[in-house]
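Engineer: Once you've had a glance at the structure underneath, I'll fire off some questions.
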Amino acid sequence: MLGATTASTFPCQRAPWAFPWWEKRSIGSCRVQISTLLAVSVSAMYSKPTCWAGPVVRVTGGENVRRILMGEHQLVLSQWPQSTRRLLGGSAFINSVGDIHRFKRKVMTPVLSHSALESYLPSIQHVVRDAVSAWSASLTPTTVYPACKNLTFRIAMRVLLGFRPSDAELENLSNVFEQFVENLFSLPFDLPFSGLRKGINARNKLHLFLEKFILEKLEKSETKDYLDALDILISSANQHDKSMSMLELKEAVVELIFAAYSTTASASTSLILQLLKHPAVLTKLQEELVDAGLSPPPTDGPEYEGLSLSSIMGLNYLDWVIKEVLRLLPPVSGGYRIALKTFELDGCQIPKGWGVMYSIRDTQDMAAAFSSPQNFDPERFSPARQEDAKERFSYLPFGGGVRSCLGKELAKVIIKVLAIELASSCSWELASQSFPQMHTVPIVHPVDGLLVCFRPLAPEDRATEARA
Ligand code: HEM
């Protein structure tokens with residue numbers, strides 16, 4: 001029953017120091033959390049402590065994680081908590097496996113392709129610029145994490161749906177969405193006042209809005225100067241001979257906003273935090289922007305064509321900074337899988353049916369490939385050092401294998417546009433006594449949200465800052 005190999009260690013031994021109803025144990029690089037009733041995965045992906053019916057093995061280390069990620073469909077299968085699956089809906093990505101999953105990725109690929117990003121870029125820059133001017137015009141400090149969530153939500157509305165809501169409409173929808181996300185990982189009991197019930201109510205409100213909006217959109221036949229993600233999704237599905245039902249469209253849109261929302265906001269907040277902590281890095285970034293002709297920022301007007309993808313991609317130092325933020329503070333701590341059969345990993349047996357959580361954070365923290373891993377050091381990604389290339393799967397903020405993040409290029413573009421707008425047009429100062437502690441659950445974020453005073457730079461200050 002425990003598998004054929006005698007050399008391996010069966011991890012399910014009760015440790016004497018264990019808390020009565022759950023226990024955890026480290027064997028090799030597999031950290032195991034076991035329970036007879038419930039296992040609580042305390043650092044699960046995007047999640048609050050999550051209840052799983054059964055034991056969960058937490059896997060760390062590049063080689064072990066490689067086996068899990070490359071073993072999708074043979075050793076393991078992606079499986080999210082029950083309430084998440086129910087709230088995101090039957091046609092959601094996270095609920096699909098095998099051929100259906102492969103097909104969904106094919107349909108979704110054009111939505112997040114290079115040419116699609118080029119088409120979204122002006123809207124992204126527009127929304128980011130508006131947010132940055134509001135932050136720097138504010139007389140009170142900005143609480144960065146909620147402000148970044150709000151920003152990501154606005155971008156998602158504009159870029160994914162082509163929706164131009166009023167501020168009041170947006171505020172209302174954003175609150176409903178926040179309530180949906182807060183309850184995505186609740187206990188799987190649909191009872192009055194339960195988290196799941198609140199999540200279902202929020203999801204129904206979102207679907208109602210989306211249905212009205214999608215119908216209006218489908219009825220309009222106006223020609224547009226750019227395509228939003230919903231246009232591309234509908235046309236991609238048609239090209240693959242699969243027109244999507246209204247329910248499928250609504251579920252796809254909600255899932256995409258969810259995938260982008262807290263993750264991108266978390267990374268944007270961590271970027272601002274790290275640049276506050278490391279002014280020399282900010283100065284170097286500002287110098288790169290001056291050299292690229294992006295600082296001082298060209299002002300909006302008929303002549304200004306906006307940022308292009310190639311100008312953003314050419315900013316090497318910015319790229320290393322973002323990579324380093326995602327190494328030190330990966331927004332997603334890991335991913336959920338279920339063992340399809342009993343198999344051995346690093347000397348431990350993982351029995352069929354057990355939950356497996358591959359850990360991004362621990363793997364990146366412990367990787368020998370990174371010198372002084374606790375230091376914020378963007379140059380580790382320079383061509384001269386390339387520390388991330390030393391060991392495959394030691395750097396995986398976007399996961400890996402067949403379920404790797406589909407939106408990673410979009411996420412990087414959003415974070416880069418924010419960095420460019422902030423670094424070229426604002427000065428920033430921490431508005432709290434000391435740097436906040438970071439929470440990693442449900443997703444990496446500062447406990448106080450990160451209080452910062454942003455101030456617009458006068459044109460002469462911009463030149464001086466860049467030269468200093
Ligand atoms: C910094 C921001 C982001 C981070 C750190 C991130 C991270 C991840 C990770 C680690 C996974 C793999 C989960 C697993 O192995 O089970 C994933 C999957 C996914 N992400 Fe992202 N993500 C980000 C932004 C986005 C954005 C902006 C989108 C799209 C709008 C997106 C869409 C997706 C989708 C669709 C999947 C599921 C892929 C599949 O199951 O085949 N992500 N993301």
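By order of appearance in the structure tokens: chains A, B, ..., then residues from 1 within every chain, and ligands from 1 in the order shown.
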Given only C-alpha atoms and all ligand atoms, how would the per-residue table for chain A near ligand 1 read, listing every residue at most 6 Å away with its closest atom pair and distance in Å to one decimal, sorted by chain and number, as a Markdown table?
Structural biologist:
```
| residue | atom | partner | partner_atom_place_in_ligand_line | distance |
| --- | --- | --- | --- | --- |
| A:Phe93 | CA | ligand 1 | 40 (O) | 5.6 |
| A:Ile94 | CA | ligand 1 | 40 (O) | 5.5 |
| A:Leu256 | CA | ligand 1 | 30 (C) | 4.7 |
| A:Ala259 | CA | ligand 1 | 31 (C) | 4.5 |
| A:Ala260 | CA | ligand 1 | 27 (C) | 3.6 |
| A:Thr263 | CA | ligand 1 | 2 (C) | 4.3 |
| A:Thr264 | CA | ligand 1 | 2 (C) | 4.1 |
| A:Ala267 | CA | ligand 1 | 1 (C) | 5.3 |
| A:Pro331 | CA | ligand 1 | 5 (C) | 5.0 |
| A:Val332 | CA | ligand 1 | 5 (C) | 5.4 |
| A:Gly335 | CA | ligand 1 | 16 (O) | 4.2 |
| A:Tyr336 | CA | ligand 1 | 16 (O) | 5.7 |
| A:Pro397 | CA | ligand 1 | 5 (C) | 5.3 |
| A:Phe398 | CA | ligand 1 | 10 (C) | 3.9 |
| A:Gly399 | CA | ligand 1 | 10 (C) | 4.0 |
| A:Arg403 | CA | ligand 1 | 41 (O) | 3.7 |
| A:Ser404 | CA | ligand 1 | 12 (C) | 4.7 |
| A:Cys405 | CA | ligand 1 | 18 (C) | 3.6 |
| A:Leu406 | CA | ligand 1 | 33 (C) | 4.6 |
| A:Gly407 | CA | ligand 1 | 28 (C) | 3.5 |
| A:Lys408 | CA | ligand 1 | 24 (C) | 5.3 |
| A:Leu410 | CA | ligand 1 | 27 (C) | 5.3 |
| A:Ala411 | CA | ligand 1 | 27 (C) | 4.3 |
```
Engineer: Let's have the selection written as a JSON list (two decimals), in the first residue's frame, with N, CA and C atoms.
Structural biologist:
```
[["chain", "number", "residue", "atom", "x", "y", "z"],
["A", 93, "PHE", "N", -10.28, 28.03, -16.50],
["A", 93, "PHE", "CA", -8.97, 27.41, -16.74],
["A", 93, "PHE", "C", -8.60, 26.46, -15.62],
["A", 94, "ILE", "N", -8.76, 26.96, -14.39],
["A", 94, "ILE", "CA", -8.28, 26.15, -13.27],
["A", 94, "ILE", "C", -9.07, 24.85, -13.13],
["A", 256, "LEU", "N", -9.68, 35.88, -15.71],
["A", 256, "LEU", "CA", -8.51, 36.67, -16.12],
["A", 256, "LEU", "C", -8.28, 37.84, -15.17],
["A", 259, "ALA", "N", -6.77, 36.48, -12.07],
["A", 259, "ALA", "CA", -5.37, 36.08, -12.22],
["A", 259, "ALA", "C", -4.44, 37.29, -12.21],
["A", 260, "ALA", "N", -4.96, 38.41, -12.74],
["A", 260, "ALA", "CA", -4.10, 39.60, -12.85],
["A", 260, "ALA", "C", -4.12, 40.47, -11.60],
["A", 263, "THR", "N", -2.03, 39.61, -7.94],
["A", 263, "THR", "CA", -0.64, 39.27, -8.27],
["A", 263, "THR", "C", 0.12, 40.51, -8.76],
["A", 264, "THR", "N", -0.48, 41.20, -9.74],
["A", 264, "THR", "CA", 0.21, 42.34, -10.33],
["A", 264, "THR", "C", 0.27, 43.50, -9.32],
["A", 267, "ALA", "N", 3.11, 42.71, -6.87],
["A", 267, "ALA", "CA", 4.44, 42.96, -7.45],
["A", 267, "ALA", "C", 4.69, 44.46, -7.60],
["A", 331, "PRO", "N", 4.91, 37.17, -5.67],
["A", 331, "PRO", "CA", 3.53, 37.35, -5.20],
["A", 331, "PRO", "C", 2.83, 36.03, -4.89],
["A", 332, "VAL", "N", 3.04, 35.04, -5.76],
["A", 332, "VAL", "CA", 2.37, 33.75, -5.58],
["A", 332, "VAL", "C", 3.35, 32.82, -4.89],
["A", 335, "GLY", "N", 1.84, 26.51, -6.01],
["A", 335, "GLY", "CA", 0.67, 26.05, -6.77],
["A", 335, "GLY", "C", 0.16, 24.71, -6.26],
["A", 336, "TYR", "N", -1.12, 24.45, -6.47],
["A", 336, "TYR", "CA", -1.78, 23.24, -5.96],
["A", 336, "TYR", "C", -1.78, 22.10, -6.98],
["A", 397, "PRO", "N", 8.89, 32.68, -10.57],
["A", 397, "PRO", "CA", 7.77, 33.47, -10.05],
["A", 397, "PRO", "C", 6.48, 33.24, -10.83],
["A", 398, "PHE", "N", 6.60, 32.78, -12.08],
["A", 398, "PHE", "CA", 5.40, 32.55, -12.89],
["A", 398, "PHE", "C", 5.13, 31.05, -13.07],
["A", 399, "GLY", "N", 5.67, 30.22, -12.17],
["A", 399, "GLY", "CA", 5.47, 28.78, -12.27],
["A", 399, "GLY", "C", 6.26, 28.22, -13.44],
["A", 403, "ARG", "N", 1.37, 24.46, -17.09],
["A", 403, "ARG", "CA", 0.43, 25.36, -16.41],
["A", 403, "ARG", "C", 1.10, 26.68, -16.03],
["A", 404, "SER", "N", 2.18, 27.01, -16.70],
["A", 404, "SER", "CA", 2.87, 28.26, -16.35],
["A", 404, "SER", "C", 1.97, 29.45, -16.66],
["A", 405, "CYS", "N", 2.32, 30.59, -16.09],
["A", 405, "CYS", "CA", 1.46, 31.76, -16.19],
["A", 405, "CYS", "C", 1.32, 32.23, -17.65],
["A", 406, "LEU", "N", 0.09, 32.38, -18.09],
["A", 406, "LEU", "CA", -0.15, 32.85, -19.46],
["A", 406, "LEU", "C", -0.01, 34.36, -19.56],
["A", 407, "GLY", "N", -0.15, 35.05, -18.41],
["A", 407, "GLY", "CA", -0.19, 36.51, -18.46],
["A", 407, "GLY", "C", 1.10, 37.17, -18.02],
["A", 408, "LYS", "N", 2.21, 36.40, -18.03],
["A", 408, "LYS", "CA", 3.42, 36.99, -17.44],
["A", 408, "LYS", "C", 3.93, 38.21, -18.21],
["A", 410, "LEU", "N", 2.11, 40.32, -19.95],
["A", 410, "LEU", "CA", 1.20, 41.44, -19.65],
["A", 410, "LEU", "C", 1.53, 42.01, -18.27],
["A", 411, "ALA", "N", 1.73, 41.11, -17.30],
["A", 411, "ALA", "CA", 2.04, 41.57, -15.94],
["A", 411, "ALA", "C", 3.31, 42.41, -15.95]]
```
Engineer: Choose the residue, out of A:Leu307, A:Val107, A:Asp448, A:Ser96, that has the smallest atom-to-atom separation from Met244 in chain A; count only C-alpha atoms.
Structural biologist: A:Val107
Engineer: Report the residues of range 185-383 of chain A whose backbone DSSP state falls under strand (DSSP E or B), written as a list in words.
Structural biologist: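 Strand (DSSP E or B) members of range 185-383 of chain A, listed: Gly334, Gly335, Tyr336, Arg337, Ile338, Ala339, Phe343, Glu344, Leu345, Cys348, Gln349, Ile350, Gly355, Val356, Met357, Tyr358 and Ser359 of chain A.
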Engineer: Can you spit out the residues from that selection as a PDB file, in the first residue's frame, using N, CA and C atoms?
Structural biologist:
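File out.pdb, as written:
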```
ATOM      1  N   GLY A 334       3.056  29.523  -4.330  1.00  0.00           N
ATOM      2  CA  GLY A 334       3.173  28.166  -4.872  1.00  0.00           C
ATOM      3  C   GLY A 334       1.915  27.768  -5.604  1.00  0.00           C
ATOM      4  N   GLY A 335       1.839  26.509  -6.011  1.00  0.00           N
ATOM      5  CA  GLY A 335       0.667  26.051  -6.769  1.00  0.00           C
ATOM      6  C   GLY A 335       0.161  24.712  -6.263  1.00  0.00           C
ATOM      7  N   TYR A 336      -1.123  24.446  -6.467  1.00  0.00           N
ATOM      8  CA  TYR A 336      -1.776  23.237  -5.960  1.00  0.00           C
ATOM      9  C   TYR A 336      -1.781  22.097  -6.984  1.00  0.00           C
ATOM     10  N   ARG A 337      -1.457  20.909  -6.495  1.00  0.00           N
ATOM     11  CA  ARG A 337      -1.573  19.717  -7.334  1.00  0.00           C
ATOM     12  C   ARG A 337      -2.131  18.567  -6.498  1.00  0.00           C
ATOM     13  N   ILE A 338      -2.536  17.501  -7.182  1.00  0.00           N
ATOM     14  CA  ILE A 338      -2.966  16.297  -6.475  1.00  0.00           C
ATOM     15  C   ILE A 338      -2.185  15.122  -7.081  1.00  0.00           C
ATOM     16  N   ALA A 339      -1.706  14.187  -6.232  1.00  0.00           N
ATOM     17  CA  ALA A 339      -0.910  13.061  -6.749  1.00  0.00           C
ATOM     18  C   ALA A 339      -1.824  12.075  -7.468  1.00  0.00           C
ATOM     19  N   PHE A 343       4.203   8.043  -5.803  1.00  0.00           N
ATOM     20  CA  PHE A 343       5.521   8.178  -6.427  1.00  0.00           C
ATOM     21  C   PHE A 343       6.538   8.662  -5.403  1.00  0.00           C
ATOM     22  N   GLU A 344       7.804   8.520  -5.797  1.00  0.00           N
ATOM     23  CA  GLU A 344       8.870   8.863  -4.866  1.00  0.00           C
ATOM     24  C   GLU A 344       9.508  10.180  -5.283  1.00  0.00           C
ATOM     25  N   LEU A 345       9.767  11.008  -4.295  1.00  0.00           N
ATOM     26  CA  LEU A 345      10.392  12.297  -4.583  1.00  0.00           C
ATOM     27  C   LEU A 345      11.445  12.570  -3.525  1.00  0.00           C
ATOM     28  N   CYS A 348      11.265  10.456  -0.505  1.00  0.00           N
ATOM     29  CA  CYS A 348       9.983  10.358   0.220  1.00  0.00           C
ATOM     30  C   CYS A 348       8.931   9.794  -0.729  1.00  0.00           C
ATOM     31  N   GLN A 349       8.028   9.026  -0.160  1.00  0.00           N
ATOM     32  CA  GLN A 349       6.912   8.574  -0.982  1.00  0.00           C
ATOM     33  C   GLN A 349       5.740   9.526  -0.821  1.00  0.00           C
ATOM     34  N   ILE A 350       5.157   9.868  -1.938  1.00  0.00           N
ATOM     35  CA  ILE A 350       3.941  10.686  -1.883  1.00  0.00           C
ATOM     36  C   ILE A 350       2.805   9.788  -2.363  1.00  0.00           C
ATOM     37  N   GLY A 355      -2.501  15.789  -1.514  1.00  0.00           N
ATOM     38  CA  GLY A 355      -2.292  17.110  -2.100  1.00  0.00           C
ATOM     39  C   GLY A 355      -0.790  17.392  -2.182  1.00  0.00           C
ATOM     40  N   VAL A 356      -0.399  18.109  -3.206  1.00  0.00           N
ATOM     41  CA  VAL A 356       1.016  18.511  -3.348  1.00  0.00           C
ATOM     42  C   VAL A 356       1.017  20.008  -3.588  1.00  0.00           C
ATOM     43  N   MET A 357       1.812  20.738  -2.801  1.00  0.00           N
ATOM     44  CA  MET A 357       1.928  22.163  -3.070  1.00  0.00           C
ATOM     45  C   MET A 357       3.379  22.475  -3.400  1.00  0.00           C
ATOM     46  N   TYR A 358       3.658  22.888  -4.620  1.00  0.00           N
ATOM     47  CA  TYR A 358       5.058  23.235  -4.932  1.00  0.00           C
ATOM     48  C   TYR A 358       5.287  24.671  -4.481  1.00  0.00           C
ATOM     49  N   SER A 359       6.400  24.894  -3.798  1.00  0.00           N
ATOM     50  CA  SER A 359       6.618  26.207  -3.206  1.00  0.00           C
ATOM     51  C   SER A 359       7.578  27.058  -4.030  1.00  0.00           C
TER      52      SER A 359
END
```
Engineer: What are the closest atom pairs, with distances in Å to one decimal, for each residue of range 51-116 of chain A lying within 8 Å of range 227-232 of chain A, using only C-alpha atoms, rows by chain and rising residue number, as JSON lines?
Structural biologist:
```
{"residue": "A:Pro110", "atom": "CA", "partner": "A:Ile232", "partner_atom": "CA", "distance": 6.9}
{"residue": "A:Val111", "atom": "CA", "partner": "A:Ala229", "partner_atom": "CA", "distance": 5.4}
{"residue": "A:Leu112", "atom": "CA", "partner": "A:Ala229", "partner_atom": "CA", "distance": 7.9}
{"residue": "A:Ala116", "atom": "CA", "partner": "A:Ala229", "partner_atom": "CA", "distance": 7.7}
```
